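Before any comments, here is the structure.
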Amino acid sequence: MPSGSSRSLGQRIVAVLAAMLASGIAASGFAQPASQARRVQSPWRLGVFPVTVFSGYTSSFGGRTGPWGALEPHYGLDIAAPLGSPIRNWWGGTVKEVIDDGRCGVGLVIQSGPYEHIYCHLLGSSADGVYRCAELQLKPGQRVRTGQLIARVGMSGRTTGPHLHWGMRYGGQWLDPVVILRAMASSRRAVASSRRP
Ligand SMILES: [Zn+2]
């Protein structure tokens, strides 16, 4: 068996992402040209952690035992947070879809270059493809800034407690959002250390 095929999809995606960060490719706004190698990591620090009142990680990306006992894939990261607490947009982009189904519940898909970030189990409602929650109203095609309040933590869809299910796709492939969070953290550390005298 070739050594490559024994690696999980997640490991392969991590390797691809690491190579991307190292070479500075990726879509506009996400990385610098290779000629600015020293600054390659810095764009990631601009990303915003989506949950403002963090109460812990409750389920990680990958396989997990579902509520019905069967092993099922989990394409995202579950972040516990109080009901109604704010959710901020990870990266500036465009609302691609307002979800309303039995699994994700009320949710949002936001497109930023080749990345799609997905927010599930939101508070509020979806009617006619528009997300509404008190003063908030988002519809497909709408521009959203980095860090903008886009939703509130709810319990819609299949969930046993208030949390944000945060998913991430790159070029249509699921990514572990933790990889993105690590890139953001190491980019912040790199910037902080470069500012030291
Ligand atoms: Zn989840």
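Ordering of the structure tokens sets the chain letters (A, B, ...); residue numbers start at 1 within each chain; ligands are numbered from 1 in the order shown.
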
Problem set entry | Near-Gly172 (chain A) list (12 Å; only C-alpha atoms; drop same-chain fewer than 3 positions) as a list in words | Ile13, Gln111, Gly113, Pro114, Tyr115, Glu116, His117, Gly167, Met168, Arg169 and Leu175 of chain A

May I have the residues from that selection written out with C-alpha atoms, as a PDB file, in the first residue's frame?
```pdb
ATOM      1  CA  ILE A  13      -5.759  18.414   4.227  1.00  0.00           C
ATOM      2  CA  GLN A 111     -18.155  32.433   1.318  1.00  0.00           C
ATOM      3  CA  GLY A 113     -12.666  33.338  -1.514  1.00  0.00           C
ATOM      4  CA  PRO A 114     -12.242  29.542  -1.705  1.00  0.00           C
ATOM      5  CA  TYR A 115     -13.400  29.129   1.907  1.00  0.00           C
ATOM      6  CA  GLU A 116     -16.952  28.498   3.040  1.00  0.00           C
ATOM      7  CA  HIS A 117     -17.621  28.860   6.756  1.00  0.00           C
ATOM      8  CA  GLY A 167     -17.784  24.082   9.757  1.00  0.00           C
ATOM      9  CA  MET A 168     -15.186  24.992   7.178  1.00  0.00           C
ATOM     10  CA  ARG A 169     -14.748  23.964   3.544  1.00  0.00           C
ATOM     11  CA  LEU A 175     -11.396  21.118   6.783  1.00  0.00           C
TER      12      LEU A 175
END
```

Would you give me, as JSON lines, each residue of chain A having an atom within 6 Å of an atom of ligand 1, along with its shortest atom pair and that distance in Å to one decimal, using only C-alpha atoms and all ligand atoms and sorting by chain and residue number?
```
{"residue": "A:Gly76", "atom": "CA", "partner": "ligand 1", "partner_atom_place_in_ligand_line": "1 (Zn)", "distance": 5.5}
{"residue": "A:Leu77", "atom": "CA", "partner": "ligand 1", "partner_atom_place_in_ligand_line": "1 (Zn)", "distance": 5.6}
{"residue": "A:Asp78", "atom": "CA", "partner": "ligand 1", "partner_atom_place_in_ligand_line": "1 (Zn)", "distance": 4.7}
{"residue": "A:His165", "atom": "CA", "partner": "ligand 1", "partner_atom_place_in_ligand_line": "1 (Zn)", "distance": 4.3}
```

Serialized selection, N, CA, C and O atoms, as a tab-separated table (two decimals), in the first residue's frame:
```tsv
chain	number	residue	atom	x	y	z
A	76	GLY	N	-17.18	19.40	11.53
A	76	GLY	CA	-17.08	20.72	12.12
A	76	GLY	C	-16.59	20.63	13.55
A	76	GLY	O	-16.23	19.57	14.04
A	77	LEU	N	-16.60	21.77	14.20
A	77	LEU	CA	-16.16	21.90	15.58
A	77	LEU	C	-17.33	22.46	16.37
A	77	LEU	O	-17.94	23.45	15.96
A	78	ASP	N	-17.67	21.82	17.49
A	78	ASP	CA	-18.76	22.31	18.33
A	78	ASP	C	-18.19	23.16	19.45
A	78	ASP	O	-17.32	22.71	20.21
A	165	HIS	N	-22.10	25.00	15.96
A	165	HIS	CA	-21.38	24.04	15.12
A	165	HIS	C	-20.74	24.88	14.03
A	165	HIS	O	-21.44	25.52	13.24
```

Exercise. Pick the closest to Asn89 (chain A) from A:Pro50, A:Pro73, A:Gly102, A:Gly154: which is it, counting only C-alpha atoms?
Worked result: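 Among A:Pro50, A:Pro73, A:Gly102, A:Gly154, it is A:Pro50 that comes nearest to Asn89 (chain A).
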
Problem set entry | Best match for closeness to Arg182 (chain A) among A:Phe49, A:Leu108, A:Arg143, A:Gly84, counting only C-alpha atoms |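 Closest to Arg182 (chain A) of all the choices is A:Phe49.
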
Problem set entry | DSSP strand (DSSP E) selection over region 39-104 of chain A, as number ranges by chain | A: 57-59, 62-65, 71-74, 77-80, 86-88, 93-101

Exercise. Which polymer residues have any atom within 6 Å of an atom of Gly157 (chain A), counting only C-alpha atoms, with same-chain residues fewer than 4 positions away left out, as a ChimeraX atom specification?
Worked result: /A:102-105,121

Problem set entry | Nearby residues (only C-alpha atoms) at most 8 Å from Gly124 (chain A), same-chain spacing under 2 positions excluded, as a list in words | Val106, Leu122, Ser126, Tyr131, Arg132, Cys133, Ala134, Arg152 and Gly154 of chain A

Exercise. In Å to one decimal, how far is CA of Trp166 (chain A) from CA of Gly63 (chain A)?
Worked result: 15.4 Å

Using only C-alpha atoms, find each residue in region 106-189 of chain A having at least one atom no more than 12 Å away from region 53-57 of chain A; report its shortest atom-to-atom pair and that distance in Å (one decimal), rows by chain then rising number, as JSON lines.
```
{"residue": "A:Arg152", "atom": "CA", "partner": "A:Val53", "partner_atom": "CA", "distance": 10.9}
{"residue": "A:Val153", "atom": "CA", "partner": "A:Val53", "partner_atom": "CA", "distance": 9.9}
{"residue": "A:Gly161", "atom": "CA", "partner": "A:Ser55", "partner_atom": "CA", "distance": 11.8}
{"residue": "A:Pro162", "atom": "CA", "partner": "A:Ser55", "partner_atom": "CA", "distance": 10.2}
{"residue": "A:His163", "atom": "CA", "partner": "A:Ser55", "partner_atom": "CA", "distance": 8.9}
{"residue": "A:Leu164", "atom": "CA", "partner": "A:Tyr57", "partner_atom": "CA", "distance": 9.7}
{"residue": "A:His165", "atom": "CA", "partner": "A:Tyr57", "partner_atom": "CA", "distance": 10.0}
{"residue": "A:Trp166", "atom": "CA", "partner": "A:Tyr57", "partner_atom": "CA", "distance": 10.9}
{"residue": "A:Pro177", "atom": "CA", "partner": "A:Tyr57", "partner_atom": "CA", "distance": 11.8}
{"residue": "A:Val178", "atom": "CA", "partner": "A:Tyr57", "partner_atom": "CA", "distance": 10.5}
```
